[in-house]
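Student: protein-v2.cif is the file, holding mmCIF, C-alpha atoms:
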```cif
data_work
loop_
_atom_site.group_PDB
_atom_site.id
_atom_site.type_symbol
_atom_site.label_atom_id
_atom_site.label_comp_id
_atom_site.auth_asym_id
_atom_site.auth_seq_id
_atom_site.Cartn_x
_atom_site.Cartn_y
_atom_site.Cartn_z
ATOM 1 C CA MET I 1 50.185 -30.775 6.578
ATOM 2 C CA MET I 2 48.693 -32.710 3.667
ATOM 3 C CA GLU I 3 46.444 -34.558 6.080
ATOM 4 C CA PHE I 4 45.108 -31.237 7.353
ATOM 5 C CA LEU I 5 44.580 -29.862 3.822
ATOM 6 C CA GLN I 6 42.596 -32.968 2.894
ATOM 7 C CA GLN I 7 40.419 -32.803 5.998
ATOM 8 C CA ARG I 8 36.732 -32.846 5.071
ATOM 9 C CA LEU I 9 34.471 -29.881 5.714
ATOM 10 C CA THR I 10 30.694 -29.613 5.521
ATOM 11 C CA ASP I 11 28.547 -27.167 3.594
ATOM 12 C CA LEU I 12 26.971 -26.004 6.872
ATOM 13 C CA GLU I 13 30.427 -25.283 8.298
ATOM 14 C CA LEU I 14 31.242 -23.124 5.269
ATOM 15 C CA PHE I 15 27.945 -21.261 5.585
ATOM 16 C CA GLY I 16 28.477 -20.754 9.319
ATOM 17 C CA TRP I 17 32.015 -19.450 8.875
ATOM 18 C CA ASP I 18 30.788 -16.979 6.253
ATOM 19 C CA GLU I 19 28.242 -15.549 8.702
ATOM 20 C CA TYR I 20 30.607 -15.674 11.696
ATOM 21 C CA ILE I 21 33.573 -14.021 9.948
ATOM 22 C CA ASN I 22 31.403 -11.292 8.410
ATOM 23 C CA TYR I 23 29.876 -10.423 11.794
ATOM 24 C CA TRP I 24 33.064 -10.264 13.834
ATOM 25 C CA PHE I 25 35.087 -8.596 11.101
ATOM 26 C CA PHE I 26 32.487 -5.828 10.888
ATOM 27 C CA LEU I 27 32.790 -5.232 14.647
ATOM 28 C CA ALA I 28 36.580 -5.153 14.359
ATOM 29 C CA MET I 29 36.398 -2.616 11.521
ATOM 30 C CA MET I 30 34.026 -0.427 13.514
ATOM 31 C CA ALA I 31 36.555 -0.410 16.353
ATOM 32 C CA LEU I 32 39.299 0.543 13.892
ATOM 33 C CA PHE I 33 37.109 3.299 12.432
ATOM 34 C CA ALA I 34 36.485 4.672 15.927
ATOM 35 C CA PHE I 35 40.250 4.700 16.498
ATOM 36 C CA GLU I 36 40.735 6.558 13.190
ATOM 37 C CA LEU I 37 38.238 9.204 14.314
ATOM 38 C CA ILE I 38 40.014 9.625 17.655
ATOM 39 C CA VAL I 39 43.367 10.100 15.912
ATOM 40 C CA MET I 40 41.830 12.589 13.471
ATOM 41 C CA ALA I 41 40.200 14.450 16.358
ATOM 42 C CA PHE I 42 43.602 14.895 18.017
ATOM 43 C CA LYS I 43 44.906 16.232 14.697
ATOM 44 C CA LYS I 44 41.839 18.519 14.446
ATOM 45 C CA ALA I 45 41.000 16.868 11.127
ATOM 46 C CA VAL I 46 37.399 15.889 11.954
ATOM 47 C CA THR I 47 34.935 18.069 10.012
ATOM 48 C CA TRP I 48 31.176 18.089 9.580
ATOM 49 C CA ASN I 49 31.708 17.014 5.981
ATOM 50 C CA LEU I 50 33.711 13.996 7.142
ATOM 51 C CA ILE I 51 31.008 13.051 9.655
ATOM 52 C CA GLY I 52 28.234 13.469 7.091
ATOM 53 C CA ASP I 53 30.213 11.498 4.527
ATOM 54 C CA SER I 54 30.787 8.655 6.982
ATOM 55 C CA ILE I 55 27.096 8.473 7.924
ATOM 56 C CA THR I 56 26.213 8.414 4.226
ATOM 57 C CA ASN I 57 28.665 5.548 3.700
ATOM 58 C CA PHE I 58 26.810 3.368 6.197
ATOM 59 C CA ILE I 59 23.420 4.324 4.759
ATOM 60 C CA THR I 60 24.611 3.131 1.335
ATOM 61 C CA LEU I 61 25.755 -0.088 3.055
ATOM 62 C CA PHE I 62 22.258 -0.757 4.411
ATOM 63 C CA ALA I 63 20.674 0.049 1.026
ATOM 64 C CA TYR I 64 23.166 -2.222 -0.725
ATOM 65 C CA ARG I 65 22.568 -5.044 1.751
ATOM 66 C CA PHE I 66 18.801 -4.786 1.214
ATOM 67 C CA ILE I 67 19.082 -4.856 -2.585
ATOM 68 C CA GLY I 68 21.910 -7.395 -2.452
ATOM 69 C CA GLY I 69 19.903 -9.587 -0.088
ATOM 70 C CA LEU I 70 17.031 -9.723 -2.554
ATOM 71 C CA ILE I 71 19.427 -10.540 -5.402
ATOM 72 C CA TYR I 72 21.076 -13.223 -3.237
ATOM 73 C CA ILE I 73 17.826 -14.909 -2.196
ATOM 74 C CA LEU I 74 15.897 -14.624 -5.462
ATOM 75 C CA PHE I 75 18.683 -15.138 -7.972
ATOM 76 C CA TYR I 76 22.258 -15.670 -6.794
ATOM 77 C CA LEU I 77 21.752 -18.620 -4.435
ATOM 78 C CA THR I 78 19.209 -20.430 -6.595
ATOM 79 C CA ALA I 79 21.198 -20.035 -9.806
ATOM 80 C CA PHE I 80 24.482 -21.142 -8.218
ATOM 81 C CA PHE I 81 22.989 -24.320 -6.784
ATOM 82 C CA TRP I 82 21.137 -25.090 -10.029
ATOM 83 C CA VAL I 83 24.333 -24.734 -12.075
ATOM 84 C CA TYR I 84 26.299 -26.699 -9.464
ATOM 85 C CA GLU I 85 23.857 -29.609 -9.634
ATOM 86 C CA ASN I 86 23.349 -29.609 -13.408
ATOM 87 C CA PHE I 87 26.318 -28.046 -15.198
ATOM 88 C CA SER I 88 29.448 -28.401 -13.049
ATOM 89 C CA ILE I 89 32.080 -30.556 -14.732
ATOM 90 C CA THR I 90 32.741 -32.192 -11.354
ATOM 91 C CA GLN I 91 31.936 -31.626 -7.691
ATOM 92 C CA LEU I 92 35.131 -30.999 -5.801
ATOM 93 C CA PRO I 93 35.468 -32.357 -2.263
ATOM 94 C CA LEU I 94 34.908 -29.887 0.567
ATOM 95 C CA THR I 95 38.432 -29.732 1.989
ATOM 96 C CA TRP I 96 40.849 -27.065 3.170
ATOM 97 C CA MET I 97 42.837 -27.593 -0.012
ATOM 98 C CA SER I 98 39.856 -26.890 -2.272
ATOM 99 C CA LEU I 99 38.970 -23.853 -0.118
ATOM 100 C CA LEU I 100 42.476 -22.421 -0.533
ATOM 101 C CA GLY I 101 42.272 -23.038 -4.284
ATOM 102 C CA CYS I 102 38.867 -21.373 -4.388
ATOM 103 C CA ILE I 103 40.160 -18.293 -2.537
ATOM 104 C CA LEU I 104 43.103 -17.948 -4.944
ATOM 105 C CA LEU I 105 40.856 -18.254 -7.999
ATOM 106 C CA ALA I 106 38.256 -15.916 -6.472
ATOM 107 C CA ASP I 107 41.006 -13.362 -5.969
ATOM 108 C CA VAL I 108 42.166 -13.360 -9.589
ATOM 109 C CA ILE I 109 38.523 -13.349 -10.722
ATOM 110 C CA TYR I 110 37.911 -10.352 -8.487
ATOM 111 C CA TYR I 111 40.759 -8.526 -10.244
ATOM 112 C CA TRP I 112 39.005 -8.919 -13.617
ATOM 113 C CA GLU I 113 35.563 -8.175 -12.177
ATOM 114 C CA HIS I 114 36.917 -5.012 -10.573
ATOM 115 C CA ARG I 115 38.682 -3.990 -13.768
ATOM 116 C CA PHE I 116 35.447 -4.527 -15.709
ATOM 117 C CA MET I 117 33.568 -2.222 -13.324
ATOM 118 C CA HIS I 118 36.021 0.552 -14.186
ATOM 119 C CA VAL I 119 36.068 0.127 -17.965
ATOM 120 C CA CYS I 120 32.368 -0.514 -18.626
ATOM 121 C CA GLY I 121 29.921 2.401 -18.448
ATOM 122 C CA LEU I 122 27.159 0.312 -16.866
ATOM 123 C CA GLY I 123 29.525 -1.181 -14.290
ATOM 124 C CA TRP I 124 30.983 2.217 -13.437
ATOM 125 C CA ALA I 125 27.485 3.661 -12.888
ATOM 126 C CA THR I 126 27.234 1.554 -9.736
ATOM 127 C CA HIS I 127 30.916 1.281 -8.771
ATOM 128 C CA THR I 128 31.511 5.043 -8.969
ATOM 129 C CA VAL I 129 29.626 5.337 -5.670
ATOM 130 C CA HIS I 130 32.467 3.567 -3.878
ATOM 131 C CA HIS I 131 35.025 5.973 -5.344
ATOM 132 C CA SER I 132 33.077 9.200 -4.941
ATOM 133 C CA SER I 133 34.091 10.043 -1.365
ATOM 134 C CA PRO I 134 36.765 12.748 -1.055
ATOM 135 C CA HIS I 135 37.829 11.049 2.201
ATOM 136 C CA PHE I 136 39.600 7.747 2.780
ATOM 137 C CA ASN I 137 38.900 5.805 5.958
ATOM 138 C CA ILE I 138 37.347 2.514 7.030
ATOM 139 C CA SER I 139 33.800 3.830 6.526
ATOM 140 C CA VAL I 140 34.551 4.297 2.790
ATOM 141 C CA ALA I 141 34.967 0.522 2.518
ATOM 142 C CA TYR I 142 31.231 0.292 3.245
ATOM 143 C CA ARG I 143 30.220 2.800 0.567
ATOM 144 C CA PHE I 144 28.313 0.780 -2.057
ATOM 145 C CA GLY I 145 26.325 1.363 -5.236
ATOM 146 C CA PRO I 146 22.872 -0.073 -6.066
ATOM 147 C CA LEU I 147 24.041 -2.972 -8.264
ATOM 148 C CA ASP I 148 27.398 -3.795 -6.680
ATOM 149 C CA GLY I 149 25.977 -7.171 -5.676
ATOM 150 C CA PHE I 150 24.739 -8.050 -9.163
ATOM 151 C CA PHE I 151 27.813 -8.176 -11.404
ATOM 152 C CA PRO I 152 29.931 -10.584 -9.290
ATOM 153 C CA PHE I 153 27.510 -13.402 -10.167
ATOM 154 C CA PHE I 154 28.680 -13.573 -13.771
ATOM 155 C CA PHE I 155 32.360 -13.588 -12.872
ATOM 156 C CA HIS I 156 32.120 -16.217 -10.136
ATOM 157 C CA LEU I 157 29.783 -18.559 -12.002
ATOM 158 C CA PRO I 158 32.767 -20.330 -13.679
ATOM 159 C CA LEU I 159 33.948 -21.396 -10.206
ATOM 160 C CA ILE I 160 30.642 -23.187 -9.712
ATOM 161 C CA MET I 161 31.008 -24.826 -13.128
ATOM 162 C CA LEU I 162 34.500 -25.985 -12.157
ATOM 163 C CA GLY I 163 32.926 -27.844 -9.247
ATOM 164 C CA PHE I 164 33.369 -25.596 -6.206
ATOM 165 C CA HIS I 165 30.407 -25.757 -3.829
ATOM 166 C CA PRO I 166 28.326 -22.520 -3.786
ATOM 167 C CA PHE I 167 28.883 -21.982 -0.051
ATOM 168 C CA MET I 168 32.637 -22.310 -0.635
ATOM 169 C CA VAL I 169 32.469 -19.700 -3.395
ATOM 170 C CA PHE I 170 30.431 -17.354 -1.175
ATOM 171 C CA LEU I 171 33.001 -17.744 1.616
ATOM 172 C CA ALA I 172 35.906 -17.126 -0.771
ATOM 173 C CA GLU I 173 34.166 -14.012 -2.165
ATOM 174 C CA ALA I 174 33.585 -12.733 1.370
ATOM 175 C CA LEU I 175 37.219 -13.241 2.385
ATOM 176 C CA VAL I 176 38.480 -11.353 -0.678
ATOM 177 C CA GLN I 177 36.092 -8.478 0.092
ATOM 178 C CA LEU I 178 36.815 -8.431 3.825
ATOM 179 C CA TYR I 179 40.560 -8.306 3.271
ATOM 180 C CA GLN I 180 40.129 -5.097 1.275
ATOM 181 C CA THR I 181 37.987 -3.475 3.951
ATOM 182 C CA ALA I 182 41.019 -3.057 6.199
ATOM 183 C CA LEU I 183 42.941 -1.388 3.343
ATOM 184 C CA HIS I 184 40.778 1.743 3.452
ATOM 185 C CA THR I 185 42.954 3.723 5.831
ATOM 186 C CA GLN I 186 45.600 6.425 5.803
ATOM 187 C CA MET I 187 46.959 5.405 9.191
ATOM 188 C CA VAL I 188 49.178 2.687 7.695
ATOM 189 C CA LYS I 189 51.837 4.110 5.415
ATOM 190 C CA LYS I 190 53.983 1.425 3.785
ATOM 191 C CA LEU I 191 54.691 -2.114 4.946
ATOM 192 C CA PRO I 192 57.963 -4.066 4.452
ATOM 193 C CA ARG I 193 58.930 -4.396 0.782
ATOM 194 C CA PRO I 194 58.241 -8.170 0.420
ATOM 195 C CA ILE I 195 54.686 -7.609 1.677
ATOM 196 C CA GLU I 196 54.203 -4.559 -0.556
ATOM 197 C CA TYR I 197 55.427 -6.597 -3.532
ATOM 198 C CA ILE I 198 53.055 -9.538 -3.107
ATOM 199 C CA MET I 199 50.081 -8.353 -1.086
ATOM 200 C CA ASN I 200 47.562 -5.577 -1.617
ATOM 201 C CA THR I 201 48.191 -2.948 1.066
ATOM 202 C CA PRO I 202 46.670 0.359 2.219
ATOM 203 C CA SER I 203 49.312 2.156 0.151
ATOM 204 C CA HIS I 204 48.345 0.266 -3.028
ATOM 205 C CA HIS I 205 44.643 0.762 -2.396
ATOM 206 C CA ARG I 206 45.035 4.497 -1.796
ATOM 207 C CA VAL I 207 46.421 4.643 -5.324
ATOM 208 C CA HIS I 208 43.314 2.871 -6.596
ATOM 209 C CA HIS I 209 41.037 5.528 -5.040
ATOM 210 C CA ALA I 210 43.059 8.453 -6.406
ATOM 211 C CA THR I 211 42.109 11.039 -9.014
ATOM 212 C CA ASN I 212 45.770 11.799 -9.782
ATOM 213 C CA SER I 213 46.205 11.195 -13.514
ATOM 214 C CA LYS I 214 49.110 8.781 -13.019
ATOM 215 C CA TYR I 215 47.026 6.668 -10.621
ATOM 216 C CA ILE I 216 43.737 6.380 -12.545
ATOM 217 C CA ASP I 217 42.610 2.799 -13.260
ATOM 218 C CA LYS I 218 45.465 1.218 -11.311
ATOM 219 C CA ASN I 219 45.716 -1.417 -8.572
ATOM 220 C CA TYR I 220 42.496 -3.416 -9.030
ATOM 221 C CA ALA I 221 43.714 -6.259 -6.807
ATOM 222 C CA GLY I 222 41.805 -7.883 -3.990
ATOM 223 C CA ILE I 223 44.280 -9.760 -1.783
ATOM 224 C CA PHE I 224 47.350 -10.180 -3.997
ATOM 225 C CA ILE I 225 48.793 -7.152 -5.815
ATOM 226 C CA ILE I 226 50.734 -9.538 -8.068
ATOM 227 C CA TRP I 227 47.751 -9.622 -10.459
ATOM 228 C CA ASP I 228 48.241 -5.912 -11.181
ATOM 229 C CA ARG I 229 51.961 -6.456 -11.641
ATOM 230 C CA MET I 230 51.256 -9.344 -14.040
ATOM 231 C CA PHE I 231 48.571 -7.582 -16.086
ATOM 232 C CA GLY I 232 50.183 -4.142 -16.343
ATOM 233 C CA THR I 233 47.919 -2.097 -14.059
ATOM 234 C CA PHE I 234 50.218 -1.544 -11.086
ATOM 235 C CA ALA I 235 51.239 1.889 -9.795
ATOM 236 C CA GLU I 236 53.377 2.720 -6.760
ATOM 237 C CA GLU I 237 52.238 5.385 -4.303
ATOM 238 C CA ASP I 238 54.920 8.032 -4.739
ATOM 239 C CA GLU I 239 52.977 11.306 -4.643
ATOM 240 C CA LYS I 240 50.210 12.665 -2.423
ATOM 241 C CA VAL I 241 46.865 11.067 -3.265
ATOM 242 C CA LYS I 242 43.770 13.125 -4.084
ATOM 243 C CA PHE I 243 40.681 11.043 -3.360
ATOM 244 C CA GLY I 244 37.290 11.003 -5.068
ATOM 245 C CA VAL I 245 35.987 11.115 -8.625
ATOM 246 C CA TYR I 246 35.976 13.769 -11.312
ATOM 247 C CA PRO I 247 33.796 15.728 -11.455
ATOM 248 C CA ARG I 248 33.157 15.702 -7.706
ATOM 249 C CA ILE I 249 29.570 15.185 -6.570
ATOM 250 C CA ASN I 250 30.034 17.587 -3.601
ATOM 251 C CA SER I 251 27.220 16.031 -1.581
ATOM 252 C CA VAL I 252 26.708 13.934 1.532
ATOM 253 C CA ASN I 253 23.036 13.365 0.731
ATOM 254 C CA PRO I 254 22.763 9.553 0.787
ATOM 255 C CA PHE I 255 20.227 9.478 -2.058
ATOM 256 C CA THR I 256 22.438 11.666 -4.233
ATOM 257 C CA VAL I 257 25.500 9.569 -3.433
ATOM 258 C CA PHE I 258 23.788 6.209 -3.892
ATOM 259 C CA PHE I 259 22.154 7.001 -7.238
ATOM 260 C CA HIS I 260 24.448 9.623 -8.780
ATOM 261 C CA GLY I 261 26.157 7.147 -11.112
ATOM 262 C CA PHE I 262 22.904 5.981 -12.669
ATOM 263 C CA THR I 263 21.512 9.525 -12.664
ATOM 264 C CA LYS I 264 24.490 10.683 -14.710
ATOM 265 C CA LEU I 265 24.327 7.670 -17.035
ATOM 266 C CA GLY I 266 20.570 8.151 -17.512
ATOM 267 C CA LYS I 267 21.119 11.791 -18.474
ATOM 268 C CA GLN I 268 23.805 10.782 -20.964
ATOM 269 C CA LEU I 269 21.539 8.129 -22.486
ATOM 270 C CA TRP I 270 18.647 10.593 -22.769
ATOM 271 C CA GLU I 271 20.789 13.204 -24.513
ATOM 272 C CA ALA I 272 22.659 10.729 -26.743
ATOM 273 C CA PRO I 273 22.461 11.489 -30.481
ATOM 274 C CA SER I 274 21.807 7.889 -31.574
ATOM 275 C CA TRP I 275 21.084 4.356 -30.354
ATOM 276 C CA SER I 276 24.587 3.329 -31.359
ATOM 277 C CA TYR I 277 25.982 6.059 -29.117
ATOM 278 C CA ARG I 278 23.725 4.893 -26.254
ATOM 279 C CA PHE I 279 24.999 1.338 -26.603
ATOM 280 C CA GLN I 280 28.592 2.568 -26.489
ATOM 281 C CA LEU I 281 27.839 4.557 -23.334
ATOM 282 C CA LEU I 282 26.893 1.255 -21.663
ATOM 283 C CA ILE I 283 29.902 -0.782 -22.738
ATOM 284 C CA ARG I 284 32.762 1.684 -23.204
ATOM 285 C CA PRO I 285 34.952 3.138 -20.417
ATOM 286 C CA PRO I 286 33.536 6.279 -18.752
ATOM 287 C CA ILE I 287 36.377 8.367 -20.166
ATOM 288 C CA TRP I 288 35.067 7.663 -23.688
ATOM 289 C CA ALA I 289 31.925 9.719 -23.012
ATOM 290 C CA TRP I 290 34.068 12.561 -21.625
ATOM 291 C CA GLU I 291 36.299 12.469 -24.703
ATOM 292 C CA GLN I 292 33.261 12.586 -27.005
ATOM 293 C CA GLU I 293 31.881 15.553 -25.071
ATOM 294 C CA GLN I 294 35.187 17.413 -25.365
ATOM 295 C CA LYS I 295 35.334 16.616 -29.077
ATOM 296 C CA ARG I 296 31.828 18.054 -29.621
ATOM 297 C CA LYS I 297 32.786 21.198 -27.691
ATOM 298 C CA ARG I 298 35.900 21.688 -29.843
ATOM 299 C CA GLU I 299 33.909 21.160 -33.037
ATOM 300 C CA ALA I 300 31.212 23.620 -31.883
ATOM 301 C CA ALA I 301 33.849 26.210 -30.970
ATOM 302 C CA ALA I 302 35.589 25.750 -34.333
ATOM 303 C CA ALA I 303 32.282 26.091 -36.193
ATOM 304 C CA GLU I 304 31.406 29.218 -34.227
ATOM 305 C CA ALA I 305 34.838 30.737 -34.926
ATOM 306 C CA LYS I 306 34.502 29.943 -38.628
ATOM 307 C CA ALA I 307 31.029 31.475 -38.816
ATOM 308 C CA SER I 308 31.995 34.702 -37.052
ATOM 309 C CA PRO I 309 33.144 37.583 -39.360
#
```
Output the structure of this file as structure tokens.

Tutor:
Amino acid sequence: MMEFLQQRLTDLELFGWDEYINYWFFLAMMALFAFELIVMAFKKAVTWNLIGDSITNFITLFAYRFIGGLIYILFYLTAFFWVYENFSITQLPLTWMSLLGCILLADVIYYWEHRFMHVCGLGWATHTVHHSSPHFNISVAYRFGPLDGFFPFFFHLPLIMLGFHPFMVFLAEALVQLYQTALHTQMVKKLPRPIEYIMNTPSHHRVHHATNSKYIDKNYAGIFIIWDRMFGTFAEEDEKVKFGVYPRINSVNPFTVFFHGFTKLGKQLWEAPSWSYRFQLLIRPPIWAWEQEQKRKREAAAAEAKASP
């Protein structure tokens, strides 16, 4: 076993596996999505809104891949290799053991990256796209925002500085993301308890996409749900999940869906009473802006009541 774990890999092998796994996994997910649609058709649950929403999901995927491809070529790849060559504290050997270590670290890093996207106004402006669908199926896994490919750079850069090869980090990132793709389904209820305790599952990820008050900002995990259990953000699925965001965007227009987070943030920034308030809109959780809005409404109502005879 140890001999296998210490077996040497090449950077080209890592790059090739990244491309190969992404391609075939996408085909597998499309087959699973087709099966979901067939099952829903038998249940008479297929609607024009569902079809339009699913088409929009794939349009956002293509837009994200175009923007993400530019970021990857012009910034991500170059910066990772430059840091790897000049600022890594070591250069770890390309072995199965280092790949497994990289995947584990990438998974816990993903937890914190994902949590950041929910509690930072700027991060949520792009990540809200992924949560905005009122449906939950495999196509929702491919629903992306404009800058979803930008923020991971800053969280995964420490892996490069620790000495993991950039292609190994890219592969580890891809595996964490691909694992979650299969979680976007309502066809799988709950798995055996040991699996539900350790691994992220469709049940746990349904909770993450919920608007139920008890489920909000829970279950950020990628592969292992133990990070949520360790860091106090775990919630069990024990009531019917309502999917989407609040307020709902009520649109399947791909442009509306893809840009609605930044459109809303831009409007808030434009109407903000001060530069300090604008800065807080960018760094505070989205609920902070809602709370401030409710506070202003209460104060205006109180002032109006006081002024009336």

Student: CA of Pro93 in chain I and CA of Ala221 in chain I are how many Å apart?

Tutor: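 Distance reported for this atom pair: 27.7 Å.
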
Student: Please write as a short mmCIF file (atom, residue, chain, number, x, y, z; two decimals) with C-alpha atoms, in the frame of the given file the full residue list that the PyMOL selection byres ((chain I and resi 37-45) around 12) yields on this file.

Tutor:
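File out_23.cif, as written:
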```cif
data_model
loop_
_atom_site.label_atom_id
_atom_site.label_comp_id
_atom_site.auth_asym_id
_atom_site.auth_seq_id
_atom_site.Cartn_x
_atom_site.Cartn_y
_atom_site.Cartn_z
CA MET I 30 34.03 -0.43 13.51
CA ALA I 31 36.56 -0.41 16.35
CA LEU I 32 39.30 0.54 13.89
CA PHE I 33 37.11 3.30 12.43
CA ALA I 34 36.48 4.67 15.93
CA PHE I 35 40.25 4.70 16.50
CA GLU I 36 40.74 6.56 13.19
CA VAL I 46 37.40 15.89 11.95
CA THR I 47 34.94 18.07 10.01
CA TRP I 48 31.18 18.09 9.58
CA ASN I 49 31.71 17.01 5.98
CA LEU I 50 33.71 14.00 7.14
CA ILE I 51 31.01 13.05 9.65
CA SER I 54 30.79 8.65 6.98
CA HIS I 135 37.83 11.05 2.20
CA PHE I 136 39.60 7.75 2.78
CA ASN I 137 38.90 5.80 5.96
CA ILE I 138 37.35 2.51 7.03
CA SER I 139 33.80 3.83 6.53
CA THR I 185 42.95 3.72 5.83
CA GLN I 186 45.60 6.42 5.80
CA MET I 187 46.96 5.40 9.19
#
```

Student: Might you spell out which residues the PyMOL selection byres ((chain I and resi 243-252) around 12) would select in the displayed file, as a PyMOL selection string?

Tutor: chain I and resi 48-60+118+124+127-137+140+143+184-186+205-213+215-217+240-242+253-261+263-264+286-287+290

Student: Using the chain letters and numbers from the file, give me the residues hit by the PyMOL selection byres ((chain I and resi 108) around 10), as a list in words.

Tutor: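 Listing what the PyMOL selection byres ((chain I and resi 108) around 10) selects in the shown file: Ile103, Leu104, Leu105, Ala106, Asp107, Ile109, Tyr110, Tyr111, Trp112, Glu113, His114, Val176, Tyr220, Ala221, Gly222, Ile223, Phe224, Ile225, Ile226, Trp227 and Asp228 of chain I.
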
Student: Could you jot down the CA of Val169 in chain I to CA of Ser203 in chain I separation for me, Å, one decimal place?

Tutor: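 These atoms are spaced 27.8 Å apart.
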
Student: Using all atoms listed in the file, which of I:Pro273, I:Gly101, I:Gly163, I:Gly121 sits nearest Phe87 in chain I?

Tutor: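 Of I:Pro273, I:Gly101, I:Gly163, I:Gly121, the one nearest Phe87 in chain I, counting all atoms listed in the file, is I:Gly163.
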
Student: CA of Pro285 in chain I to CA of Cys120 in chain I: how many Å, to one decimal?

Tutor: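 If I compute the distance from CA of Pro285 in chain I to CA of Cys120 in chain I, I get 4.8 Å.
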
Student: For the point (36.6, -34.1, -0.7) in file coordinates, what residues are within 8 Å, counting all atoms listed in the file? Give the answer as an MDAnalysis selection string?

Tutor: chainID I and resid 6:9 92:95

Student: Kindly compute an axis-aligned box around the listed atoms of range 284-293 of chain I, allowing 4 Å on each side, and express its centre and edge lengths in Å to one decimal as JSON.

Tutor:
```
{"center_x": 34.1, "center_y": 8.6, "center_z": -22.9, "size_x": 12.5, "size_y": 21.9, "size_z": 16.3}
```

Student: Mind checking which residues fall within 12 Å of Arg284 in chain I, counting all atoms listed in the file, ignoring those fewer than 3 positions away in the same chain, and posting them as a ChimeraX atom specification?

Tutor: /I:116-125,276-281,287-292

Student: Restricting the calculation to only C-alpha atoms, which member of I:Met230, I:Leu178, I:Ile198, I:Ile67 is positioned closest to Asn22 in chain I?

Tutor: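 Closest residue, counting only C-alpha atoms: I:Leu178.
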
Student: Hey, which of I:Ile283, I:Val83, I:Leu265, I:Leu14 ends up closest to Leu157 in chain I? Count only C-alpha atoms.

Tutor: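 Residue with the minimum atom-to-atom distance to Leu157 in chain I: I:Val83.
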
Student: Write only all heavy atoms for range 279-283 of chain I from the block just shown, as a compact mmCIF listing (two decimals), in the first residue's frame.

Tutor:
```txt
# COMPACT_ATOMS: atom_id res chain seq x y z
N PHE I 279 -19.07 50.32 2.06
CA PHE I 279 -18.01 49.36 2.37
C PHE I 279 -18.57 48.17 3.15
O PHE I 279 -18.21 47.01 2.90
CB PHE I 279 -16.91 50.05 3.18
CG PHE I 279 -15.76 49.15 3.56
CD1 PHE I 279 -14.90 48.66 2.59
CD2 PHE I 279 -15.57 48.77 4.88
CE1 PHE I 279 -13.85 47.81 2.92
CE2 PHE I 279 -14.53 47.93 5.23
CZ PHE I 279 -13.67 47.45 4.25
N GLN I 280 -19.48 48.45 4.08
CA GLN I 280 -20.08 47.38 4.87
C GLN I 280 -20.96 46.47 4.01
O GLN I 280 -21.04 45.27 4.27
CB GLN I 280 -20.88 47.97 6.03
CG GLN I 280 -19.99 48.65 7.07
CD GLN I 280 -20.78 49.16 8.26
OE1 GLN I 280 -21.15 48.40 9.14
NE2 GLN I 280 -21.06 50.47 8.26
N LEU I 281 -21.60 47.05 3.00
CA LEU I 281 -22.39 46.22 2.08
C LEU I 281 -21.52 45.18 1.38
O LEU I 281 -21.97 44.07 1.08
CB LEU I 281 -23.07 47.10 1.03
CG LEU I 281 -24.29 47.89 1.46
CD1 LEU I 281 -24.69 48.88 0.36
CD2 LEU I 281 -25.47 46.97 1.79
N LEU I 282 -20.26 45.53 1.13
CA LEU I 282 -19.34 44.63 0.42
C LEU I 282 -18.80 43.53 1.31
O LEU I 282 -18.53 42.42 0.83
CB LEU I 282 -18.18 45.42 -0.18
CG LEU I 282 -18.52 46.44 -1.27
CD1 LEU I 282 -17.27 47.21 -1.66
CD2 LEU I 282 -19.11 45.74 -2.49
N ILE I 283 -18.62 43.81 2.59
CA ILE I 283 -17.93 42.86 3.46
C ILE I 283 -18.83 42.16 4.47
O ILE I 283 -18.47 41.11 4.99
CB ILE I 283 -16.76 43.52 4.21
CG1 ILE I 283 -17.27 44.59 5.17
CG2 ILE I 283 -15.75 44.10 3.22
CD1 ILE I 283 -16.19 45.14 6.11
```
